[in-house]
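Taking it in order: structure first as structure tokens, then the write-up.
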Amino acid sequence: MSKRYSIELKMKVINEYLTGDDGFRILEAKYNINRSLIRTWLYQFKNNGVQGLTAGMTRSAYSKSFKLTVLQHRLEHQLSYRETAEIFDIPNLSLIAQWQSKYNQYGILGLETKPKGRPSKSMKKKPSKQKRNKSETLNETEREELERLRVENRKLEVAIALEKKLQSLARDKRTKK
């Protein structure tokens, strides 16, 4: 689990660096904070001021279309995660790397926001044994309809898998250019 650092501590470390008293290694040892994290704080402070340091502490929700726009812009202009984050004013550039990974793995569906936490339990009662027996016995037309829907469902699953594979191949081809 990652630590949370106060704004005061972040500002103290940044000020010590900016005054030229200490470098990243000395600050890392002095405060027991990874120097890459100190560099990130410095980058955020230089680009967005104090607000850049607090923005990472609050979660922003980004839409699927925004994420896709960011990734396409990065790919088209061959930008780094840092440069892309500056353009789109995203305080945490590792978010873009996460989006890219999910997009590469799952396609456009990987960019959807998923609900956080455990789903709530429903208060519905289980059907009684008598009702279950009625629903278990299907007449002939219902069985045919069920079988037809299963076949249709399988065809759709295959079509989706094929579409994902085609997207993946197209992405690989674009990145090799």
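Residue numbers start at 1 in each chain; chains themselves are named A, B, ... in the order of the structure tokens; ligands are numbered from 1 in the order shown.
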Can you tell me, as a list in words, what residues are no more than 10 Å from Gln105 in chain A when counting only C-alpha atoms, ignoring any on the same chain fewer than 6 positions away?
Trp99, Lys164 and Ser168 of chain A
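When only C-alpha atoms are used to compute distances to Gly110 in chain A, the closest of the residues A:Leu9, A:Leu146, A:Val50, A:Leu68 turns out to be A:Leu68.
Computed from the coordinates, the CA of Asn104 in chain A to CA of Arg154 in chain A distance equals 24.1 Å.
Residue nearest Tyr103 in chain A, chosen from A:Thr141, A:Ile87, A:Lys176, A:Gln167 and counting only C-alpha atoms: A:Gln167.
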For the structure I just gave you, how does DSSP split range 4-177 of chain A - specifically, which residues are alpha helix (DSSP H)? Reply as a PyMOL selection string.
chain A and resi 7-18+24-31+35-48+50-55+64-77+81-88+94-106+129-136+140-176
Between A:Val13, A:Leu18, A:Ala29, A:Leu37, which residue has the minimum interatomic distance to Asn92 in chain A, considering only C-alpha atoms?
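Smallest separation from Asn92 in chain A among the options: A:Leu37.
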So how many Å separate CA of Gln100 in chain A and CA of Arg82 in chain A, to one decimal?
13.5 Å
Residues within 10 Å of Asp89 in chain A, please, as a PDB file with N, CA and C atoms, in the first residue's frame. Count only C-alpha atoms; anything in the same chain fewer than 3 positions from it doesn't count.
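In the end it all went to around.pdb:
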ATOM      1  N   ASN A  47       4.820  22.479 -13.068  1.00  0.00           N
ATOM      2  CA  ASN A  47       3.786  22.615 -14.098  1.00  0.00           C
ATOM      3  C   ASN A  47       2.475  23.188 -13.584  1.00  0.00           C
ATOM      4  N   ASN A  48       2.094  22.855 -12.348  1.00  0.00           N
ATOM      5  CA  ASN A  48       0.769  23.244 -11.864  1.00  0.00           C
ATOM      6  C   ASN A  48       0.772  23.939 -10.514  1.00  0.00           C
ATOM      7  N   GLY A  52      -0.918  21.238  -8.325  1.00  0.00           N
ATOM      8  CA  GLY A  52      -0.399  20.015  -8.925  1.00  0.00           C
ATOM      9  C   GLY A  52      -0.044  18.962  -7.896  1.00  0.00           C
ATOM     10  N   GLU A  83       4.920  14.103 -21.538  1.00  0.00           N
ATOM     11  CA  GLU A  83       4.492  15.150 -22.474  1.00  0.00           C
ATOM     12  C   GLU A  83       2.979  15.109 -22.676  1.00  0.00           C
ATOM     13  N   THR A  84       2.436  13.904 -22.767  1.00  0.00           N
ATOM     14  CA  THR A  84       0.988  13.754 -22.948  1.00  0.00           C
ATOM     15  C   THR A  84       0.247  14.261 -21.716  1.00  0.00           C
ATOM     16  N   ALA A  85       0.769  13.955 -20.543  1.00  0.00           N
ATOM     17  CA  ALA A  85       0.132  14.427 -19.301  1.00  0.00           C
ATOM     18  C   ALA A  85       0.130  15.940 -19.237  1.00  0.00           C
ATOM     19  N   GLU A  86       1.202  16.579 -19.694  1.00  0.00           N
ATOM     20  CA  GLU A  86       1.252  18.048 -19.706  1.00  0.00           C
ATOM     21  C   GLU A  86       0.188  18.622 -20.622  1.00  0.00           C
ATOM     22  N   ASN A  92      -1.249  12.837 -12.788  1.00  0.00           N
ATOM     23  CA  ASN A  92      -0.571  11.565 -12.542  1.00  0.00           C
ATOM     24  C   ASN A  92      -0.306  10.881 -13.880  1.00  0.00           C
ATOM     25  N   LEU A  93       0.920  10.992 -14.371  1.00  0.00           N
ATOM     26  CA  LEU A  93       1.213  10.466 -15.705  1.00  0.00           C
ATOM     27  C   LEU A  93       1.183   8.949 -15.764  1.00  0.00           C
TER      28      LEU A  93
END
Could you list, as number ranges by chain, every residue within 8 Å of Ile14 in chain A, counting only C-alpha atoms and ignoring same-chain residues fewer than 2 positions away?
A: 10-12, 16-18, 38, 41-42
Written selection (N, CA and C atoms) as a CSV table (one decimal), in the first residue's frame:
chain,number,residue,atom,x,y,z
A,10,LYS,N,5.6,17.8,1.3
A,10,LYS,CA,6.0,17.9,-0.2
A,10,LYS,C,6.6,19.3,-0.4
A,11,MET,N,6.0,20.3,0.1
A,11,MET,CA,6.5,21.7,-0.1
A,11,MET,C,7.9,21.9,0.5
A,12,LYS,N,8.1,21.3,1.7
A,12,LYS,CA,9.4,21.4,2.4
A,12,LYS,C,10.5,20.7,1.6
A,16,GLU,N,13.6,22.7,-0.3
A,16,GLU,CA,15.0,22.3,0.0
A,16,GLU,C,15.7,22.0,-1.3
A,17,TYR,N,15.0,21.4,-2.3
A,17,TYR,CA,15.7,21.1,-3.6
A,17,TYR,C,15.9,22.4,-4.4
A,18,LEU,N,14.9,23.2,-4.4
A,18,LEU,CA,14.9,24.4,-5.2
A,18,LEU,C,15.9,25.5,-4.7
A,38,ILE,N,10.2,12.2,-5.5
A,38,ILE,CA,10.5,13.6,-5.3
A,38,ILE,C,10.6,14.3,-6.7
A,41,TRP,N,7.0,15.0,-7.7
A,41,TRP,CA,6.5,16.2,-7.0
A,41,TRP,C,7.0,17.5,-7.6
A,42,LEU,N,8.3,17.5,-7.9
A,42,LEU,CA,8.9,18.7,-8.5
A,42,LEU,C,8.3,19.0,-9.8
Please determine, counting only C-alpha atoms, which residue among A:Thr54, A:Ser94, A:Gln72, A:Ser122 has the shortest atom-to-atom distance to Ser6 in chain A.
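Checking each candidate against Ser6 in chain A, we get A:Thr54 as the closest.
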